[in-house]
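What's in input04.txt: compact mmCIF, C-alpha atoms
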```txt
# COMPACT_ATOMS: atom_id res chain seq x y z
CA MET L 206 59.35 94.49 120.91
CA ALA L 207 63.03 93.57 120.53
CA GLN L 208 65.03 93.01 123.70
CA LEU L 209 68.61 93.47 124.85
CA SER L 210 69.66 91.71 128.06
CA ASP L 211 71.16 93.79 130.88
CA ASP L 212 74.13 91.47 131.26
CA CYS L 213 75.43 92.46 127.84
CA PHE L 214 76.93 95.49 129.58
CA ALA L 215 78.78 93.52 132.22
CA PHE L 216 82.19 94.00 130.63
CA GLY L 217 85.36 95.26 132.23
CA GLY L 218 88.08 97.62 131.17
CA PRO L 219 87.94 101.20 129.96
CA MET L 220 87.74 100.40 126.24
CA MET L 221 86.39 97.62 124.10
CA SER L 222 87.69 96.50 120.75
CA VAL L 223 85.43 96.65 117.70
CA ASP L 224 85.34 92.86 117.41
CA GLU L 225 84.39 92.47 121.08
CA ALA L 226 81.60 94.98 120.64
CA VAL L 227 80.18 93.26 117.57
CA GLY L 228 80.44 89.88 119.31
CA ILE L 229 78.46 91.08 122.30
CA ILE L 230 75.77 92.59 120.12
CA ALA L 231 75.40 89.49 117.97
CA ALA L 232 75.29 87.16 120.96
CA ARG L 233 72.97 89.08 123.30
CA VAL L 234 70.39 90.87 121.19
CA THR L 235 67.07 89.04 120.78
CA ALA L 236 65.54 89.35 117.35
CA VAL L 237 61.97 90.40 116.72
CA GLN L 238 59.69 87.41 116.28
CA ASP L 239 56.88 88.98 114.26
CA ILE L 240 56.61 87.62 110.72
CA GLU L 241 54.70 89.09 107.82
CA THR L 242 54.10 88.06 104.23
CA VAL L 243 55.10 90.48 101.48
CA SER L 244 54.95 90.38 97.71
CA LEU L 245 58.16 89.91 95.76
CA VAL L 246 57.92 93.52 94.62
CA ALA L 247 58.22 94.60 98.27
CA ALA L 248 60.77 91.96 99.34
CA ASP L 249 64.05 93.71 98.45
CA GLY L 250 66.05 94.50 101.59
CA ARG L 251 63.77 92.51 103.91
CA ILE L 252 65.01 89.76 106.23
CA LEU L 253 63.82 86.32 105.19
CA ALA L 254 62.04 84.63 108.10
CA LYS L 255 62.00 81.05 106.81
CA GLU L 256 64.29 79.05 104.58
CA ILE L 257 63.18 78.61 100.98
CA SER L 258 63.93 75.23 99.41
CA ALA L 259 63.68 74.81 95.66
CA PRO L 260 60.15 73.57 94.85
CA LEU L 261 61.31 72.65 91.35
CA PRO L 262 64.66 72.22 89.61
CA LEU L 263 66.27 75.15 87.82
CA PRO L 264 66.14 75.04 84.93
CA PRO L 265 62.99 72.91 85.09
CA PHE L 266 63.80 71.15 81.79
CA THR L 267 66.88 70.56 79.67
CA ASN L 268 67.19 73.34 77.10
CA SER L 269 69.48 74.98 74.58
CA ALA L 270 71.87 77.68 75.79
CA VAL L 271 72.25 79.19 72.30
CA ASP L 272 70.56 79.66 68.95
CA GLY L 273 71.77 76.81 66.77
CA TYR L 274 71.27 73.17 65.79
CA ALA L 275 70.59 70.27 68.15
CA VAL L 276 72.07 66.85 67.31
CA ARG L 277 72.91 63.49 68.84
CA SER L 278 76.57 63.44 69.85
CA ALA L 279 76.76 59.75 68.85
CA ASP L 280 76.30 60.86 65.23
CA LEU L 281 79.24 63.28 65.22
CA ALA L 282 82.55 62.69 63.51
CA GLN L 283 85.66 63.65 65.43
CA VAL L 284 87.99 64.76 62.64
CA GLN L 285 85.94 66.12 59.77
CA GLU L 286 82.90 68.25 59.18
CA GLN L 287 79.53 66.69 58.47
CA ALA L 288 76.36 67.75 56.70
CA PHE L 289 73.05 66.84 58.38
CA PRO L 290 69.57 67.37 56.99
CA VAL L 291 67.53 69.75 59.13
CA ALA L 292 64.33 68.12 60.38
CA GLY L 293 62.23 70.28 62.64
CA ARG L 294 62.37 73.56 64.49
CA VAL L 295 61.94 74.28 68.21
CA GLN L 296 61.35 77.79 69.51
CA ALA L 297 61.50 78.96 73.11
CA GLY L 298 58.20 78.26 74.82
CA ALA L 299 57.29 75.43 72.41
CA ALA L 300 57.81 71.69 72.77
CA ALA L 301 59.69 69.58 70.24
CA GLN L 302 57.40 67.65 67.88
CA GLY L 303 59.27 64.40 68.37
CA PRO L 304 62.70 62.83 68.93
CA VAL L 305 65.60 63.75 66.71
CA GLU L 306 66.31 61.08 64.15
CA PRO L 307 69.82 59.61 63.81
CA GLY L 308 71.96 61.62 61.42
CA HIS L 309 69.64 64.64 61.53
CA ALA L 310 69.74 68.10 63.11
CA VAL L 311 66.93 70.19 64.58
CA ARG L 312 66.90 73.98 64.37
CA ILE L 313 66.67 75.24 67.98
CA PHE L 314 66.64 78.58 69.78
CA THR L 315 67.90 79.76 73.14
CA GLY L 316 65.77 78.45 75.99
CA ALA L 317 63.89 75.93 73.86
CA PRO L 318 63.56 72.38 75.26
CA MET L 319 65.95 69.85 73.78
CA PRO L 320 64.32 67.27 71.49
CA GLN L 321 64.39 63.72 72.81
CA GLY L 322 67.68 62.07 71.91
CA ALA L 323 69.55 65.31 71.23
CA ASP L 324 72.32 66.19 73.69
CA THR L 325 74.53 68.71 71.89
CA VAL L 326 73.94 72.07 70.21
CA PHE L 327 76.10 73.76 67.57
CA MET L 328 76.02 77.56 67.66
CA GLN L 329 74.58 79.04 64.48
CA GLU L 330 77.71 81.18 64.10
CA ASP L 331 79.85 78.02 63.76
CA VAL L 332 77.90 76.27 61.01
CA ARG L 333 76.94 76.95 57.45
CA LEU L 334 73.90 75.97 55.40
CA ASP L 335 74.19 74.10 52.12
CA GLN L 336 71.04 73.30 50.15
CA GLY L 337 68.83 72.52 53.12
CA ARG L 338 71.54 70.78 55.06
CA VAL L 339 73.58 72.17 57.93
CA VAL L 340 77.34 71.64 57.78
CA LEU L 341 78.76 71.03 61.26
CA PRO L 342 82.45 71.41 62.12
CA ALA L 343 84.34 68.59 63.82
CA GLY L 344 85.55 68.60 67.41
CA LEU L 345 82.57 69.85 69.43
CA LYS L 346 82.35 68.12 72.81
CA PRO L 347 79.22 66.12 73.62
CA GLY L 348 76.82 68.17 75.76
CA ALA L 349 78.09 71.49 74.49
CA ASN L 350 75.70 74.47 74.72
CA VAL L 351 73.07 72.54 76.65
CA ARG L 352 71.59 73.52 80.01
CA MET L 353 70.65 70.39 81.92
CA ALA L 354 67.52 70.30 84.07
CA GLY L 355 68.48 71.14 87.65
CA GLU L 356 72.07 72.09 86.81
CA ASP L 357 71.59 75.48 88.48
CA ILE L 358 69.60 74.35 91.53
CA PRO L 359 68.19 70.84 92.06
CA ALA L 360 64.69 70.38 93.47
CA GLY L 361 64.67 70.38 97.27
CA HIS L 362 67.97 72.24 97.58
CA SER L 363 68.19 74.96 100.27
CA ALA L 364 68.20 78.02 98.03
CA LEU L 365 67.65 81.00 100.38
CA ALA L 366 68.52 80.82 104.07
CA ALA L 367 66.48 82.23 106.92
CA GLY L 368 68.09 85.46 108.12
CA GLN L 369 69.20 86.46 104.66
CA ARG L 370 68.81 90.12 103.78
CA LEU L 371 67.13 89.80 100.42
CA ARG L 372 68.80 91.35 97.40
CA PRO L 373 67.40 91.83 93.89
CA GLN L 374 69.05 88.58 92.76
CA ASP L 375 67.44 86.73 95.67
CA VAL L 376 64.06 88.11 94.67
CA ALA L 377 64.73 86.91 91.13
CA LEU L 378 65.44 83.41 92.42
CA ALA L 379 62.18 83.34 94.37
CA ALA L 380 60.36 84.43 91.22
CA ALA L 381 62.08 81.69 89.21
CA PHE L 382 60.54 79.19 91.64
CA GLY L 383 57.12 80.62 90.84
CA LEU L 384 56.69 82.27 94.23
CA THR L 385 54.68 85.47 94.48
CA HIS L 386 55.18 86.18 98.19
CA VAL L 387 57.79 85.48 100.88
CA GLU L 388 57.71 85.46 104.68
CA VAL L 389 59.94 88.10 106.28
CA ARG L 390 60.61 89.53 109.73
CA ARG L 391 58.80 92.75 110.40
CA ARG L 392 60.80 95.95 110.04
CA ILE L 393 62.76 97.23 113.02
CA ARG L 394 61.27 100.41 114.50
CA VAL L 395 63.88 103.01 115.44
CA ALA L 396 63.50 106.42 117.04
CA VAL L 397 66.19 108.98 116.18
CA PHE L 398 67.05 112.07 118.23
CA SER L 399 69.78 114.65 117.91
CA THR L 400 70.97 116.40 121.05
CA GLY L 401 72.47 119.84 121.59
CA ASN L 402 71.49 123.48 122.09
CA GLU L 403 73.69 124.38 119.15
CA LEU L 404 71.47 122.53 116.64
CA VAL L 405 68.42 123.58 114.66
CA SER L 406 66.57 121.61 112.03
CA PRO L 407 66.99 122.55 108.37
CA GLY L 408 64.33 125.10 107.45
CA ALA L 409 64.21 126.63 110.92
CA SER L 410 65.68 129.98 111.89
CA ARG L 411 69.37 129.55 112.76
CA GLY L 412 71.04 131.64 115.42
CA ALA L 413 74.53 133.03 114.90
CA ALA L 414 76.06 130.34 117.13
CA GLN L 415 73.93 127.47 115.86
CA LEU L 416 74.33 124.77 113.20
CA PHE L 417 71.81 123.04 111.00
CA ASP L 418 71.41 119.46 112.21
CA SER L 419 72.91 117.05 109.65
CA ASN L 420 73.65 113.90 111.64
CA ARG L 421 70.02 113.05 112.24
CA PHE L 422 69.29 113.01 108.53
CA MET L 423 72.39 110.96 107.74
CA LEU L 424 71.50 108.38 110.37
CA MET L 425 67.87 108.18 109.28
CA ALA L 426 68.95 107.62 105.68
CA MET L 427 71.32 104.85 106.77
CA LEU L 428 68.59 103.22 108.84
CA VAL L 429 66.16 103.30 105.94
CA ARG L 430 68.76 101.56 103.78
CA LEU L 431 68.90 98.86 106.44
CA GLY L 432 65.15 98.39 106.11
CA CYS L 433 64.06 100.14 109.33
CA GLU L 434 60.93 102.09 110.06
CA VAL L 435 62.30 105.39 111.33
CA SER L 436 60.64 107.93 113.63
CA ASP L 437 62.22 111.38 113.48
CA LEU L 438 61.90 112.78 116.99
CA GLY L 439 63.82 115.97 116.39
CA ILE L 440 66.35 117.70 118.61
CA LEU L 441 66.68 117.30 122.37
CA ARG L 442 68.11 120.24 124.26
CA ASP L 443 71.01 120.02 126.74
CA ASP L 444 68.96 119.42 129.85
CA ARG L 445 69.15 116.15 131.77
CA VAL L 446 65.52 116.15 132.95
CA SER L 447 63.99 116.86 129.55
CA LEU L 448 66.38 114.40 127.90
CA ALA L 449 65.42 111.69 130.35
CA GLY L 450 61.72 112.37 129.91
CA ALA L 451 61.91 112.25 126.12
CA LEU L 452 63.87 109.00 126.13
CA LYS L 453 61.52 107.37 128.63
CA SER L 454 58.45 108.43 126.68
CA VAL L 455 59.43 106.37 123.63
CA ALA L 456 60.94 103.39 125.45
CA GLY L 457 58.93 100.20 125.42
CA THR L 458 57.18 100.99 122.14
CA LEU L 459 60.15 100.76 119.79
CA ASP L 460 62.97 98.34 119.03
CA LEU L 461 65.85 100.81 119.26
CA ILE L 462 66.47 104.38 120.41
CA LEU L 463 69.31 106.17 118.65
CA THR L 464 70.77 109.54 119.53
CA THR L 465 73.70 111.55 118.24
CA GLY L 466 75.72 114.00 120.32
CA GLY L 467 76.12 114.54 124.03
CA VAL L 468 77.80 111.20 124.86
CA SER L 469 81.28 112.44 125.69
CA THR L 470 82.47 113.38 129.19
CA GLY L 471 82.13 117.17 128.98
CA GLU L 472 80.14 119.22 131.47
CA GLU L 473 77.42 119.85 128.89
CA ASP L 474 77.14 116.21 127.77
CA TYR L 475 73.95 115.07 129.48
CA VAL L 476 72.99 111.89 127.67
CA LYS L 477 74.83 109.53 130.05
CA ALA L 478 73.18 110.98 133.14
CA ALA L 479 69.77 111.12 131.45
CA VAL L 480 69.87 107.47 130.45
CA GLU L 481 71.13 106.37 133.87
CA SER L 482 68.19 108.16 135.48
CA VAL L 483 65.59 106.20 133.50
CA GLY L 484 67.41 102.99 132.60
CA THR L 485 70.72 101.17 132.63
CA LEU L 486 73.80 102.50 130.87
CA VAL L 487 77.49 101.81 130.65
CA LEU L 488 79.43 104.41 128.73
CA TRP L 489 81.02 102.40 125.99
CA ARG L 490 84.44 103.75 125.11
CA MET L 491 85.29 101.77 122.03
CA ALA L 492 88.88 101.53 120.79
CA ILE L 493 88.11 103.14 117.46
CA LYS L 494 89.02 106.35 115.65
CA PRO L 495 87.09 108.37 114.74
CA GLY L 496 84.37 107.74 117.24
CA ARG L 497 85.56 106.60 120.66
CA PRO L 498 82.63 107.87 122.81
CA VAL L 499 79.64 105.58 122.20
CA ALA L 500 76.93 104.93 124.81
CA MET L 501 74.79 101.83 124.99
CA GLY L 502 72.06 100.96 127.45
CA ILE L 503 68.51 99.84 128.05
CA ILE L 504 65.52 102.07 128.75
CA GLY L 505 62.29 100.34 129.59
CA GLY L 506 63.45 97.16 127.88
CA THR L 507 64.41 99.01 124.70
CA PRO L 508 68.05 99.10 123.55
CA PHE L 509 69.60 102.56 123.46
CA ILE L 510 72.65 103.70 121.47
CA GLY L 511 74.18 107.16 121.70
CA LEU L 512 76.62 108.09 118.94
CA PRO L 513 79.16 110.93 118.86
CA GLY L 514 78.15 114.33 117.55
CA ASN L 515 80.89 114.75 114.97
CA PRO L 516 79.51 113.52 111.63
CA VAL L 517 82.44 111.31 110.60
CA ALA L 518 82.59 109.72 114.05
CA SER L 519 78.82 109.24 113.92
CA PHE L 520 79.06 107.59 110.49
CA VAL L 521 81.89 105.24 111.49
CA THR L 522 80.34 104.18 114.79
CA PHE L 523 76.97 103.67 113.09
CA VAL L 524 78.64 101.15 110.81
CA HIS L 525 80.28 99.27 113.66
CA VAL L 526 77.66 99.54 116.41
CA VAL L 527 74.23 100.43 115.02
CA ARG L 528 74.44 98.33 111.86
CA PRO L 529 75.19 95.02 113.64
CA THR L 530 72.61 95.87 116.31
CA VAL L 531 69.91 96.48 113.71
CA LEU L 532 70.81 93.27 111.86
CA ALA L 533 70.69 91.29 115.09
CA LEU L 534 67.36 92.82 116.11
CA ALA L 535 65.98 92.06 112.66
CA GLY L 536 67.01 88.41 112.85
CA ALA L 537 69.49 88.86 110.01
CA THR L 538 72.66 86.87 109.57
CA GLN L 539 75.54 89.18 110.46
CA GLN L 540 77.14 90.49 107.28
CA HIS L 541 80.86 90.66 107.95
CA LEU L 542 82.72 93.48 106.24
CA ILE L 543 85.58 92.21 104.11
CA PRO L 544 88.06 94.92 103.11
CA MET L 545 89.41 94.88 99.56
CA PRO L 546 93.23 94.91 99.31
CA VAL L 547 94.60 98.08 97.69
CA ARG L 548 97.93 99.90 97.63
CA ALA L 549 98.38 102.79 100.06
CA ALA L 550 99.35 106.04 98.32
CA PHE L 551 100.02 107.64 101.70
CA THR L 552 101.95 107.19 104.92
CA TYR L 553 100.19 107.15 108.27
CA LYS L 554 101.04 106.65 111.95
CA LYS L 555 98.58 105.40 114.54
CA LYS L 556 98.40 104.10 118.10
CA ILE L 557 98.53 100.40 118.78
CA ALA L 558 95.44 98.60 120.18
CA ARG L 559 93.06 100.98 118.39
CA ARG L 560 91.30 100.43 115.07
CA GLU L 561 91.35 103.45 112.81
CA TYR L 562 89.55 104.38 109.63
CA VAL L 563 91.14 106.68 107.06
CA ARG L 564 88.99 108.43 104.46
CA VAL L 565 90.34 107.79 100.96
CA ASN L 566 89.68 107.94 97.25
CA LEU L 567 90.57 105.11 94.87
CA ARG L 568 92.54 105.64 91.69
CA ARG L 569 94.53 103.57 89.21
CA ASP L 570 98.30 103.51 89.69
CA GLU L 571 100.82 103.44 86.83
CA ASN L 572 100.50 99.64 86.60
CA GLY L 573 96.73 99.65 86.44
CA GLY L 574 96.28 98.54 90.05
CA LEU L 575 94.13 100.26 92.63
CA GLU L 576 95.62 102.63 95.16
CA ALA L 577 94.07 104.57 98.02
CA VAL L 578 94.69 108.31 98.23
CA LYS L 579 94.15 109.82 101.66
CA PHE L 580 91.78 112.77 102.00
CA PRO L 581 94.05 115.80 102.51
CA ARG L 582 92.45 116.91 105.78
CA GLU L 583 91.58 115.09 108.97
CA GLY L 584 89.00 115.87 111.59
CA ALA L 585 85.80 114.06 112.57
CA GLY L 586 83.70 117.15 111.83
CA LEU L 587 84.41 117.35 108.10
CA LEU L 588 81.31 116.28 106.22
CA SER L 589 83.17 116.96 102.97
CA SER L 590 85.55 114.13 103.86
CA LEU L 591 82.62 111.71 103.58
CA VAL L 592 81.09 113.33 100.51
CA ASP L 593 84.29 113.66 98.50
CA THR L 594 85.78 110.22 99.15
CA ASP L 595 85.05 106.66 98.03
CA GLY L 596 85.38 104.86 101.33
CA LEU L 597 87.54 104.00 104.30
CA VAL L 598 90.86 102.24 104.74
CA GLU L 599 90.65 100.00 107.80
CA LEU L 600 93.77 99.83 109.95
CA GLY L 601 93.71 97.05 112.51
CA GLU L 602 94.65 97.29 116.16
CA GLU L 603 98.11 95.81 115.62
CA ILE L 604 99.16 98.35 112.98
CA THR L 605 101.21 101.37 114.05
CA LEU L 606 102.58 102.56 110.71
CA VAL L 607 101.41 102.51 107.10
CA GLU L 608 104.14 103.06 104.54
CA LEU L 609 103.80 104.18 100.94
CA GLY L 610 103.01 101.19 98.72
CA GLN L 611 101.88 98.94 101.57
CA THR L 612 98.77 96.81 101.04
CA VAL L 613 95.82 98.01 103.10
CA GLY L 614 92.15 97.06 103.36
CA PHE L 615 89.54 99.29 101.67
CA LEU L 616 85.83 99.42 102.52
CA GLY L 617 83.67 101.21 99.97
CA TYR L 618 80.78 103.22 101.35
CA ALA L 619 78.30 101.12 99.40
CA SER L 620 79.37 98.04 101.40
CA LEU L 621 78.93 99.72 104.77
CA ILE L 622 75.13 100.12 104.82
```
Go through the file and emit its structure as structure tokens.
Amino acid sequence: MAQLSDDCFAFGGPMMSVDEAVGIIAARVTAVQDIETVSLVAADGRILAKEISAPLPLPPFTNSAVDGYAVRSADLAQVQEQAFPVAGRVQAGAAAQGPVEPGHAVRIFTGAPMPQGADTVFMQEDVRLDQGRVVLPAGLKPGANVRMAGEDIPAGHSALAAGQRLRPQDVALAAAFGLTHVEVRRRIRVAVFSTGNELVSPGASRGAAQLFDSNRFMLMAMLVRLGCEVSDLGILRDDRVSLAGALKSVAGTLDLILTTGGVSTGEEDYVKAAVESVGTLVLWRMAIKPGRPVAMGIIGGTPFIGLPGNPVASFVTFVHVVRPTVLALAGATQQHLIPMPVRAAFTYKKKIARREYVRVNLRRDENGGLEAVKFPREGAGLLSSLVDTDGLVELGEEITLVELGQTVGFLGYASLI
């Protein structure tokens, strides 16, 4: 089971910056130690447990990068075209029959091994044939259109680092080494609750004053994209005793408990009191908008995170609290979010010392550059503002005003999970 040390909550002050929060998470969470072996087909999105060094060079042999004619560069003239007799033919997957003779060319195809002595390939589009001879233009540099053995990755080179969250291209590299399986950390197990008397699950009968629960499904989908095993534990009602009992019942068997709703300071927000009754909690008021009320704690040795109930606030705080926590628990290298510079097609005022995220769409301006257009409505409860936009503009703590045309940082939704 993953662990989170109690002293990670020994911080002062009423609010914590986003960077401070991420730093604490990365430094104090202990990753799961269980390792399992999976096939390459099942490796996408998993966290690599051990470094992979190249067991062979890539490419493993020197080969042609194009369809054409292989020659010795020492035979080439520098100022005039030449006609070489064609002696031999090498297809991909076949070995050359022998070395290329001086003053001769060998017909060769993409991926085929270079004949001994040959070091340059003319593309077939650049030559012409004349009565069994190939006429080669002057001026081609020695070594052109040749892939040298090991030029991509030399043997023994560290190719995939431990802690890497494997992507399709990483899986391809492992396959190119001839591997069929890789060692990965086991998946993080997360329990997800929603809280609130006003919620019912989709498909259930909804009262006139109730809402269908959406946050739980959003959070579970985001967790699955992070490679977690997710347990849907439904909706907890606004009662401190039952909340505490439900949280305690799953603690100690999972790696993370995640709730949404009930973490503010209202009279009907019971999550803080429930967690304090069965574990340790410090209400984490993060300097972020949307999202300020976020609770973190430990219940029976299991980390607990309580996110706000408004969907946009829940989404944003998931990205900045849950995501780095899950990566740290999984033993993954923290993946820092790097905003893309775009032009602001809006003006915006904000408070200093608070990081804010503005929902925007991207479009091309009159000069062909990218500009961010602010969603016309605000409010952390607007699901449509997540559905109908492309991502978030990140405004740092030091910013108080965004002016039309100013460069701002854009984070696309695809980069956030």
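Minimum atom-to-atom distances from L:Ser454, L:Ser419, L:Gln611, L:Ser620 to L:Leu588 were compared using only C-alpha atoms, and the lowest value belongs to L:Ser419.
Between L:His386 and the residues L:Asp272, L:Glu241, L:Glu356, L:Glu306, the shortest atom-to-atom distance, using all atoms listed in the file, involves L:Glu241.
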Problem - Atomic separation - atom CA of L:Glu403 relative to atom CA of L:Leu416, Å - result: 6.0 Å
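Remark: for L:Ala282, the closest of the candidate residues L:Ala236, L:Val446, L:Gln336, L:Leu341 is L:Leu341 (distances computed over only C-alpha atoms).
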Exercise for the section: Determine, counting all atoms listed in the file, every residue of protein, DNA or RNA that lies within 7 Å of (72.9, 96.2, 120.9) in the file coordinates, then give the result as a ChimeraX atom specification. Expected result: /L:209,230,234,508,530
Specify the axis-aligned box that encloses all atoms of stretch 324-330 of chain L listed in the file after padding of 8 Å on each side, stating its centre and edge lengths in Å to one decimal as JSON.
```
{"center_x": 75.0, "center_y": 73.7, "center_z": 68.9, "size_x": 21.4, "size_y": 31.0, "size_z": 25.6}
```
Handout entry: Contacts of L:Val613 within 8 Å, all atoms listed in the file, excl. fewer than 6 positions in-chain, as a PyMOL selection string
Key = chain L and resi 545-549+598-600
Practice task
Please identify all polymer residues within 9 Å of L:Val271, counting all atoms listed in the file, omitting same-chain residues fewer than 5 positions from it, and present them as a list in words.
Solution key: Ile313, Phe314, Thr315, Gly316, Val326, Phe327, Met328, Gln329, Asn350 and Val351 of chain L
Practice task
Write out as a PyMOL selection string each polymer residue whose atoms come within 7 Å of stretch 299-303 of chain L, counting all atoms listed in the file; drop sequence neighbours fewer than 2 positions from it.
Solution key: chain L and resi 295-297+305+317-318+320-321
What are the closest atom pairs, with distances in Å to one decimal, for each residue of stretch 491-568 of chain L lying within 9 Å of stretch 420-434 of chain L, using only C-alpha atoms, rows by chain and rising residue number, as a tab-separated table?
```
residue	atom	partner	partner_atom	distance
L:Gly514	CA	L:Asn420	CA	7.4
L:Asn515	CA	L:Asn420	CA	8.0
L:Pro516	CA	L:Asn420	CA	5.9
L:Ser519	CA	L:Asn420	CA	7.3
L:Phe520	CA	L:Leu424	CA	7.6
L:Phe523	CA	L:Leu424	CA	7.7
L:Val527	CA	L:Leu428	CA	8.8
L:Arg528	CA	L:Leu431	CA	7.8
L:Val531	CA	L:Leu431	CA	7.7
L:Leu532	CA	L:Leu431	CA	8.0
L:Ala535	CA	L:Cys433	CA	8.9
```
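For the set L:Ile257, L:Leu486, L:Ala247, L:Ala349, the residue with the smallest atom-to-atom gap to L:Arg372 is L:Ala247, counting only C-alpha atoms.
Shortest separation to L:Leu575 among L:Ala550, L:Val223, L:Leu459, L:Ile503 occurs at residue L:Ala550, atoms counted being only C-alpha atoms.
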Problem - One-decimal distance in Å that lies between atom CA of L:Gln539 and atom CA of L:Phe382 - result: 26.1 Å
Exercise for the section: Write out as a VMD selection string which residues come within 12 Å of L:Val332 when counting all atoms listed in the file, dropping same-chain ones fewer than 2 positions away. Expected result: chain L and resid 272 to 275 286 to 289 310 312 326 to 330 334 to 335 338 to 343 345
Handout entry: All residues 12 Å or closer to L:Val499, only C-alpha atoms, same chain fewer than 3 positions away omitted, as a ChimeraX atom specification
Key = /L:220-221,223,226,463-470,476-477,486-496,502,509-515,518-523,525-527
